[in-house]
Amino acid sequence: MGKFCFLKTLSVMFIGHILLSSCSAYHFKKNKNPLAIYGIKSLDIPLFSNQSILPRVSEVLTSEVHHVLSKYKDMKIYSYANPSADGILVGIISTKDKRYQVYKTASRAYPTAELADSFGQGRKAFYLPQTTNYDLSVRLILIKGTDIAEVSELLQNGYLHSLKFHPKVMWEEEFGMTGGFARGLFDTLNPDSGGVVNYTNSEGNFEKSLRAVAKELGRRLKEEVLDVF
């Protein structure tokens with residue numbers, strides 16, 4: 001019985017060692033350059049092209065994708081045109097054309113008595129947008145060994161559809177993203193004002209939501225695309 005228990009313990013230890021080694025190798029593999037299979041050891045990531053109606057979105061999203069890819073130690077990332085780079089990652093941000101199609105009111109607030117007074121005499125209080133959601137799409141295209149000037153020309157001339165048929169396109173992924181931000185409602189009652197309601201800090205909240213969208217894009221790029229290699 002003692003010998004059987006000893007052998008059983010050895011078996012469990014051996015199997016555990018195999019599983020641990022397998023997991024370790026799996027995680028180690030994820031830390032390697034996922035684009036090496038395409039012969040890409042250095043990559044240009046120019047500022048994403050903003051084809052959307054959202055302001056200030058290109059810098060935030062480009063920066064996060066740059067950050068994610070720069071974590072692979074055996075791949076060099078450039079944020080400018082470098083003729084020695086092995087490839088280019090093109091980013092295209094888009095939304096629908098109309099504002100009402102992009103921005104959706106998720107919740108409304110009925111103003112307090114203090115805010116209602118700020119509407120002015122004779123005007124009825126009404127529900128005000130409090131939380132707003134918005135949708136956007138981020139298209140990422142990996143191109144091997146193509147001059148960035150050629151890619152820029154395609155973008156500037158509106159030939160976005162042509163990129164997917166380019167002979168050096170390694171892969172193309174499109175991510176549908178959603179963001180949301182809250183609006184702060186405060187009155188501006190004072191002796192000189194006309195009695196109006198202001199949205200304050202809405203811009204700051206929008207900027208925070210863009211950073212959250214960028215983080216989510218980076219996570220999805222890594223888990224849905226890069227970790228698959």
# chains A, B, ... in the order shown; residues from 1 in each chain; ligands from 1
>>> residues_around(residues="A:Phe175", least_positions_apart="2", cutoff="7 Å", atoms="only C-alpha atoms", output="list of chain:residue names")
A:Ser137, A:Val138, A:Arg139, A:Glu173, A:Met177
>>> residues_around(residues="A:Leu226", least_positions_apart="3", cutoff="12 Å", atoms="only C-alpha atoms", output="VMD selection string")
chain A and resid 29 to 37 65 68 to 69 71 to 72 142 171 173 218 to 223 229
>>> closest_residue(among="A:Val228, A:Leu140, A:His166, A:Ala81", to="A:Leu61", atoms="only C-alpha atoms")
A:Leu140
>>> closest_residue(among="A:Arg211, A:Lys104, A:Lys168, A:Lys98", to="A:Ile53", atoms="only C-alpha atoms")
A:Lys98
>>> atom_distance(atom1="atom CA of A:Phe206", atom2="atom CA of A:Thr132")
9.3 Å
>>> closest_residue(among="A:Gly87, A:Tyr100, A:Val213, A:Glu207", to="A:Arg56", atoms="only C-alpha atoms")
A:Glu207
>>> closest_residue(among="A:Asn205, A:Leu54, A:Tyr80, A:Ile88", to="A:Tyr134", atoms="only C-alpha atoms")
A:Leu54
>>> atom_distance(atom1="atom CA of A:Ser79", atom2="atom CA of A:Asp44")
5.9 Å
>>> atom_distance(atom1="atom CA of A:His67", atom2="atom CA of A:Val151")
22.2 Å
>>> closest_residue(among="A:Lys73, A:Lys215, A:Lys41, A:Lys96", to="A:Leu136", atoms="only C-alpha atoms")
A:Lys96
>>> closest_residue(among="A:Glu59, A:Glu224, A:Glu153, A:Glu203", to="A:Glu174", atoms="only C-alpha atoms")
A:Glu224
>>> residues_around(residues="A:Ser52", least_positions_apart="6", cutoff="7 Å", atoms="only C-alpha atoms", output="compact mmCIF listing (two decimals) with C-alpha atoms, in the first residue's frame")
# COMPACT_ATOMS: atom_id res chain seq x y z
CA ILE A 93 -11.50 55.30 -37.48
CA SER A 94 -15.04 55.73 -38.77
CA THR A 95 -18.58 56.43 -37.66
